[in-house]
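*Asks:* As input, take my_file_23.txt (compact mmCIF, C-alpha atoms):
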# COMPACT_ATOMS: atom_id res chain seq x y z
CA ILE A 1 -3.10 -9.03 -38.16
CA ARG A 2 -5.64 -6.23 -37.79
CA PHE A 3 -8.82 -6.78 -35.81
CA ALA A 4 -11.55 -4.35 -36.82
CA ARG A 5 -14.40 -5.56 -34.58
CA GLY A 6 -13.09 -7.55 -31.67
CA GLY A 7 -11.57 -10.84 -32.67
CA GLY A 8 -8.60 -12.79 -31.44
CA ALA A 9 -6.08 -15.49 -32.12
CA SER A 10 -4.79 -18.64 -30.49
CA ALA A 11 -1.67 -20.80 -30.88
CA ILE A 12 -0.16 -18.93 -33.82
CA ARG A 13 2.85 -16.76 -34.51
CA LEU A 14 1.89 -13.09 -34.67
CA GLU A 15 3.90 -10.54 -36.62
CA GLY A 16 2.13 -7.89 -34.58
CA ALA A 17 -1.55 -7.18 -33.98
CA GLU A 18 -3.67 -4.01 -33.97
CA PHE A 19 -7.22 -3.57 -32.72
CA ASP A 20 -9.39 -0.74 -34.03
CA ALA A 21 -10.46 1.77 -31.40
CA GLY A 22 -13.92 0.80 -30.21
CA GLY A 23 -13.60 -2.59 -31.82
CA GLY A 24 -14.99 -4.46 -28.84
CA GLY A 25 -11.85 -6.12 -27.52
CA GLY A 26 -10.76 -9.69 -28.05
CA SER A 27 -8.24 -12.26 -26.93
CA LEU A 28 -4.80 -13.63 -27.69
CA ALA A 29 -3.86 -17.01 -26.24
CA ASN A 30 -0.79 -19.25 -26.46
CA CYS A 31 0.72 -17.14 -29.25
CA VAL A 32 4.29 -16.31 -30.15
CA VAL A 33 4.30 -12.53 -30.53
CA ALA A 34 7.07 -11.21 -32.78
CA ASP A 35 5.99 -7.57 -33.05
CA ASP A 36 3.94 -5.04 -31.13
CA VAL A 37 0.36 -5.50 -29.98
CA LEU A 38 -1.64 -2.25 -30.10
CA ALA A 39 -4.97 -2.52 -28.29
CA ASN A 40 -6.10 1.08 -28.89
CA GLY A 41 -8.01 1.13 -25.61
CA ASN A 42 -9.88 -2.15 -26.06
CA GLY A 43 -10.24 -4.63 -23.23
CA LEU A 44 -8.11 -7.63 -24.18
CA ALA A 45 -7.45 -10.99 -22.58
CA ILE A 46 -3.84 -11.96 -23.31
CA SER A 47 -2.67 -15.25 -21.82
CA GLY A 48 0.06 -17.81 -22.32
CA CYS A 49 1.86 -15.76 -24.97
CA ASP A 50 5.60 -15.50 -25.55
CA PHE A 51 6.67 -11.95 -26.44
CA GLY A 52 9.93 -11.44 -28.30
CA VAL A 53 12.70 -9.16 -27.04
CA GLY A 54 11.63 -5.53 -27.19
CA VAL A 55 8.05 -6.30 -28.26
CA ASP A 56 5.44 -3.96 -26.73
CA ALA A 57 1.84 -4.44 -25.63
CA LEU A 58 0.30 -0.97 -25.62
CA GLU A 59 -2.93 0.78 -24.62
CA LEU A 60 -4.72 -2.19 -23.09
CA GLY A 61 -8.09 -0.84 -21.97
CA VAL A 62 -10.35 -1.23 -18.95
CA GLY A 63 -11.20 -4.84 -18.19
CA SER A 64 -8.05 -6.26 -19.78
CA SER A 65 -6.21 -9.20 -18.31
CA PHE A 66 -2.57 -10.02 -18.92
CA SER A 67 -1.71 -13.38 -17.39
CA GLY A 68 0.68 -16.29 -17.82
CA ASN A 69 2.78 -14.54 -20.45
CA VAL A 70 6.55 -14.27 -20.93
CA PHE A 71 7.52 -10.67 -21.59
CA ARG A 72 11.08 -9.78 -22.60
CA GLY A 73 12.47 -6.26 -22.67
CA GLY A 74 9.50 -4.25 -23.89
CA ARG A 75 6.72 -1.92 -22.72
CA LEU A 76 3.45 -3.03 -21.23
CA VAL A 77 1.04 -0.09 -20.96
CA ALA A 78 -2.41 -0.83 -19.61
CA HIS A 79 -5.36 1.03 -18.08
CA GLY A 80 -7.70 -0.80 -15.76
CA ALA A 81 -6.04 -4.18 -16.25
CA THR A 82 -5.25 -7.22 -14.11
CA VAL A 83 -1.61 -8.25 -14.47
CA SER A 84 -0.66 -11.53 -12.81
CA GLY A 85 1.18 -14.81 -13.27
CA ASN A 86 3.57 -13.43 -15.87
CA THR A 87 7.34 -13.68 -16.23
CA PHE A 88 8.94 -10.31 -16.88
CA ASP A 89 12.46 -11.03 -18.11
CA SER A 90 14.75 -7.99 -18.18
CA SER A 91 17.98 -9.86 -18.92
CA GLU A 92 17.99 -8.86 -22.62
CA GLY A 93 16.42 -5.40 -22.37
CA VAL A 94 14.58 -3.03 -20.07
CA VAL A 95 11.03 -4.01 -19.18
CA TYR A 96 8.81 -0.97 -18.65
CA LEU A 97 5.56 -1.81 -16.90
CA ARG A 98 2.93 0.91 -16.61
CA VAL A 99 -0.52 0.15 -15.27
CA GLY A 100 -2.83 3.13 -14.89
CA SER A 101 -5.32 1.38 -12.61
CA GLY A 102 -6.40 -2.16 -11.88
CA ASP A 103 -4.35 -4.76 -10.07
CA ILE A 104 -0.76 -5.99 -10.26
CA GLY A 105 -0.78 -9.47 -8.80
CA VAL A 106 2.00 -12.00 -8.26
CA ASN A 107 4.45 -12.09 -11.16
CA THR A 108 7.98 -13.41 -11.64
CA TYR A 109 10.66 -10.80 -12.34
CA THR A 110 14.11 -11.73 -13.62
CA GLY A 111 17.02 -9.52 -14.65
CA ALA A 112 17.84 -6.08 -13.29
CA PRO A 113 16.54 -3.26 -15.51
CA LEU A 114 12.83 -3.41 -14.69
CA ARG A 115 11.02 -0.06 -14.53
CA VAL A 116 7.55 0.08 -13.09
CA ALA A 117 5.22 3.09 -13.28
CA ILE A 118 1.82 2.81 -11.64
CA GLY A 119 -1.17 5.09 -11.67
CA THR A 120 -4.14 5.12 -9.31
CA ASN A 121 -5.53 2.77 -6.68
CA LEU A 122 -3.09 -0.09 -7.22
CA TYR A 123 -1.62 -2.59 -4.79
CA VAL A 124 1.93 -3.79 -5.47
CA ALA A 125 3.76 -6.16 -3.12
CA GLY A 126 6.88 -8.31 -3.18
CA VAL A 127 8.27 -6.93 -6.44
CA GLU A 128 11.97 -6.48 -7.23
CA MET A 129 12.67 -3.72 -9.72
CA SER A 130 15.34 -1.26 -10.75
CA GLU A 131 13.11 1.81 -10.62
CA LEU A 132 9.59 2.54 -9.40
CA GLU A 133 7.48 5.56 -10.32
CA ILE A 134 4.11 6.17 -8.70
CA LEU A 135 2.23 8.69 -10.81
CA GLY A 136 -1.18 8.83 -9.19
CA ASP A 137 -3.19 8.56 -5.99
CA ASP A 138 -4.21 5.97 -3.38
CA ASN A 139 -1.58 3.37 -4.27
CA VAL A 140 -0.15 0.84 -1.80
CA VAL A 141 3.41 -0.43 -2.31
CA SER A 142 4.69 -2.96 0.21
CA GLN A 143 7.79 -5.11 0.67
CA CYS A 144 9.38 -4.18 -2.65
CA ALA A 145 13.09 -4.05 -3.48
CA VAL A 146 14.17 -1.12 -5.65
CA ARG A 147 17.72 -1.01 -6.97
CA GLU A 148 17.91 2.62 -8.02
CA ARG A 149 15.14 5.04 -6.99
CA LEU A 150 11.52 5.38 -5.97
CA PHE A 151 9.63 8.44 -7.20
CA VAL A 152 6.12 9.42 -6.12
CA ARG A 153 3.94 12.18 -7.59
CA GLY A 154 0.42 12.09 -6.23
CA THR A 155 -1.61 12.03 -3.04
CA SER A 156 -2.53 9.51 -0.35
CA ASN A 157 0.05 6.91 -1.39
CA TYR A 158 1.29 4.40 1.17
CA ILE A 159 4.86 3.03 0.90
CA SER A 160 5.87 0.43 3.47
CA GLN A 161 8.74 -2.02 4.09
CA CYS A 162 10.60 -1.28 0.87
CA VAL A 163 14.38 -1.56 0.48
CA ILE A 164 16.12 0.90 -1.84
CA GLU A 165 19.70 -0.09 -2.66
CA ASP A 166 20.69 3.02 -4.56
CA GLY A 167 24.24 3.32 -5.84
CA LYS A 168 23.53 5.79 -8.67
CA THR A 169 21.24 8.58 -7.52
CA THR A 170 23.20 11.66 -6.53
CA ASN A 171 20.64 13.09 -4.10
CA TYR A 172 17.48 11.33 -2.88
CA SER A 173 16.64 7.67 -3.37
CA ILE A 174 13.01 8.26 -2.39
CA SER A 175 11.50 11.46 -3.73
CA VAL A 176 7.86 12.29 -2.99
CA GLU A 177 5.79 15.14 -4.42
CA GLY A 178 2.25 15.51 -3.11
CA ASP A 179 0.09 15.64 0.01
CA LEU A 180 -1.06 12.99 2.47
CA ASN A 181 1.64 10.46 1.54
CA GLU A 182 3.06 8.06 4.10
CA ILE A 183 6.51 6.42 4.03
CA ARG A 184 7.15 3.88 6.77
CA TYR A 185 9.51 1.01 7.63
CA CYS A 186 11.68 1.60 4.54
CA GLN A 187 15.45 1.12 4.29
CA LEU A 188 17.64 3.39 2.18
CA ALA A 189 21.28 2.55 1.51
CA ASN A 190 24.33 3.95 -0.27
CA PHE A 191 24.06 7.53 -1.57
CA GLY A 192 20.48 8.70 -1.46
CA GLY A 193 18.17 9.85 1.30
CA LEU A 194 14.46 10.63 1.57
CA ARG A 195 12.84 13.87 0.42
CA VAL A 196 9.17 14.83 0.63
CA VAL A 197 7.61 17.96 -0.89
CA GLY A 198 4.02 18.14 0.30
CA ASN A 199 1.67 18.76 3.18
CA ASP A 200 0.26 16.42 5.85
CA CYS A 201 2.78 13.65 5.14
CA MET A 202 3.95 11.00 7.58
CA LEU A 203 7.56 9.72 7.67
CA ARG A 204 8.09 7.14 10.35
CA ASP A 205 10.19 4.13 11.32
CA ASN A 206 12.52 4.50 8.33
CA LEU A 207 16.19 3.51 8.37
CA VAL A 208 18.52 5.72 6.34
CA TYR A 209 22.08 4.46 6.19
CA SER A 210 23.06 6.69 3.32
CA ASN A 211 26.51 8.25 3.53
CA ARG A 212 25.38 11.58 2.08
CA TYR A 213 21.71 12.51 2.60
CA GLY A 214 19.25 12.10 5.43
CA ILE A 215 15.59 13.19 5.47
CA ARG A 216 14.26 16.47 4.08
CA LEU A 217 10.67 17.68 4.37
CA ASP A 218 9.40 20.72 2.47
CA GLY A 219 5.81 21.23 3.55
CA ASN A 220 3.40 21.87 6.36
CA ARG A 221 1.87 19.74 9.12
CA GLY A 222 4.20 16.82 8.49
CA ILE A 223 5.11 14.23 11.11
CA LEU A 224 8.56 12.63 11.45
CA LYS A 225 9.05 10.06 14.15
CA ARG A 226 11.15 7.02 14.98
CA ASN A 227 13.40 7.46 11.95
CA ARG A 228 17.00 6.26 12.28
CA ILE A 229 19.67 8.01 10.25
CA GLY A 230 23.30 6.97 10.12
CA PHE A 231 22.77 3.38 11.27
CA MET A 232 23.26 0.12 9.43
CA THR A 233 20.60 -2.59 9.64
CA ASN A 234 22.70 -4.33 12.31
CA GLY A 235 22.86 -1.16 14.41
CA GLU A 236 26.40 -0.15 13.45
CA VAL A 237 27.11 3.51 12.75
CA VAL A 238 28.03 4.61 9.21
CA ALA A 239 30.29 7.51 8.23
CA PHE A 240 27.39 9.86 7.60
CA SER A 241 28.54 13.27 6.31
CA GLY A 242 25.34 15.09 5.36
CA ASP A 243 22.43 16.79 7.08
CA GLY A 244 20.39 14.48 9.28
CA ILE A 245 16.93 16.03 9.18
CA VAL A 246 15.97 19.24 7.35
CA VAL A 247 12.42 20.58 7.69
CA ILE A 248 11.12 23.66 5.86
CA GLY A 249 7.52 24.70 6.51
CA ASP A 250 5.00 25.30 9.27
CA ASP A 251 3.35 23.18 11.96
CA ASN A 252 5.60 20.17 11.39
CA ARG A 253 6.28 17.75 14.21
CA ILE A 254 9.55 15.93 14.75
CA GLY A 255 9.13 13.16 17.29
CA SER A 256 6.22 13.15 19.71
CA GLU A 257 4.43 15.98 21.45
CA MET A 258 5.39 14.12 24.62
CA PRO A 259 9.03 13.15 23.89
CA SER A 260 10.10 9.65 24.79
CA ALA A 261 12.83 7.24 23.80
CA THR A 262 10.45 5.41 21.46
CA GLU A 263 8.97 8.42 19.65
CA GLY A 264 12.02 10.53 18.84
CA ASN A 265 14.19 10.57 15.74
CA GLN A 266 17.76 9.36 16.09
CA VAL A 267 20.40 11.17 14.03
CA LEU A 268 23.99 10.06 14.17
CA GLY A 269 27.07 11.44 12.49
CA GLY A 270 25.39 14.28 10.60
CA SER A 271 27.70 17.25 10.14
CA GLY A 272 24.94 19.72 9.22
CA VAL A 273 21.41 20.25 10.46
CA GLY A 274 20.31 17.66 12.96
In structure tokens, write the structure found in this file.
*Replies:*
Amino acid sequence: IRFARGGGASAIRLEGAEFDAGGGGGSLANCVVADDVLANGNGLAISGCDFGVGVDALELGVGSSFSGNVFRGGRLVAHGATVSGNTFDSSEGVVYLRVGSGDIGVNTYTGAPLRVAIGTNLYVAGVEMSELEILGDDNVVSQCAVRERLFVRGTSNYISQCVIEDGKTTNYSISVEGDLNEIRYCQLANFGGLRVVGNDCMLRDNLVYSNRYGIRLDGNRGILKRNRIGFMTNGEVVAFSGDGIVVIGDDNRIGSEMPSATEGNQVLGGSGVG
């Protein structure tokens, strides 16, 4: 089906749908979607639809809503959309969710290989995913579980209370590029550590029980405090063999200007730089 000027469909089986650029948007409701939906930048309302395995919904424009759908192993690419109440099922294929701006609400995620890439000014909370990429500014990510890695490229992003169970990455499970980013109350396990390349960043109250990498900061005017490296969540010590904390740059602060037991960084078992 091709929609030239807006339009929409309800309660039918779609062998794909394409909206002309500038067509005025439209809606799809309660449809079975067997092939890709191409919005071409239009604002669409898609609700109650069942997407087949590997079927994509691409280029949803500003004002779009994607709600109450079942999405199986495909790509959802939206700009300025509200995404909530959906089931993203990765059991039969990787789900790639990319929302440039807007809001990611409460959704149900099943299966392991979910990749999420977010853009600017988004709030994401309580999501379990295999990989998270933040490619923009002013995002808030809270209480998420990431099975492989978390990558940030942007400024003024806030990452809090996330758990990264990384058994694949060979260096850093959290990698941040950009200024004014804050990473706090996160837990990193298995191989990877935490690396930040940027200025005026805050790394605090993180627990790194990696067995290879600790925390590395490449930048200026950063603050590291109350991070624990080489401890398990229950307080036990791990066989940590790498560098604890490495800082390269100027005017960085490790711990407090007035050292105390509550402000310092604890490094245990590191064989290199502490």
*Asks:* Report the distance between CA of Cys31 in chain A and CA of Val116 in chain A in Å, rounded to one decimal place.
*Replies:*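 Separation of CA of Cys31 in chain A and CA of Val116 in chain A: 24.6 Å.
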*Asks:* So which one's closest to Leu76 in chain A, A:Glu133, A:Gly63, A:Ser90, A:Val99? Using all atoms listed in the file, please.
*Replies:* A:Val99
*Asks:* Choose the residue, out of A:Gly43, A:Gly214, A:Gly100, A:Gly219, that has the smallest atom-to-atom separation from Glu177 in chain A; count all atoms listed in the file.
*Replies:*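 So, comparing all the options, the nearest one is A:Gly219.
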*Asks:* Suppose you want the space between CA of Lys225 in chain A and CA of Val176 in chain A; what is it in Å?
*Replies:*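 CA of Val176 in chain A lies 17.3 Å from CA of Lys225 in chain A.
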*Asks:* Tell me which of A:Glu165, A:Asp20, A:Asp56, A:Glu92 sits closest to Ala39 in chain A, counting all atoms listed in the file.
*Replies:* A:Asp20
*Asks:* Please list as a PyMOL selection string every residue within 7 Å of Ile223 in chain A, counting all atoms listed in the file and excluding residues in the same chain fewer than 3 positions away.
*Replies:* chain A and resi 201-203+252-254
*Asks:* What does the distance from CA of Ser47 in chain A to CA of Gly85 in chain A come to in Å, to one decimal?
*Replies:*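 CA of Gly85 in chain A lies at a distance of 9.4 Å from CA of Ser47 in chain A.
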*Asks:* I'd like the contact shell of Leu14 in chain A - 7 Å cut-off, all atoms listed in the file, skipping same-chain residues fewer than 6 positions apart - returned as a PyMOL selection string.
*Replies:* chain A and resi 31-34
*Asks:* I'd like the contact shell of Val70 in chain A - 7 Å cut-off, only C-alpha atoms, skipping same-chain residues fewer than 2 positions apart - returned as a PyMOL selection string.
*Replies:* chain A and resi 49-51+68+72+86-88
*Asks:* Tell me which of A:Val62, A:Ile12, A:Ile164, A:Leu122 sits closest to Gly25 in chain A, counting all atoms listed in the file.
*Replies:*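 Ranking A:Val62, A:Ile12, A:Ile164, A:Leu122 by distance to Gly25 in chain A, first place goes to A:Val62.
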*Asks:* Dump as a list in words all residues having an atom at most 6 Å from (11.1, 7.0, -10.5), computed in the file's coordinates with only C-alpha atoms.
*Replies:*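 Those within range, by chain then number, are Glu131, Leu132, Glu133, Arg149, Leu150 and Phe151 of chain A.
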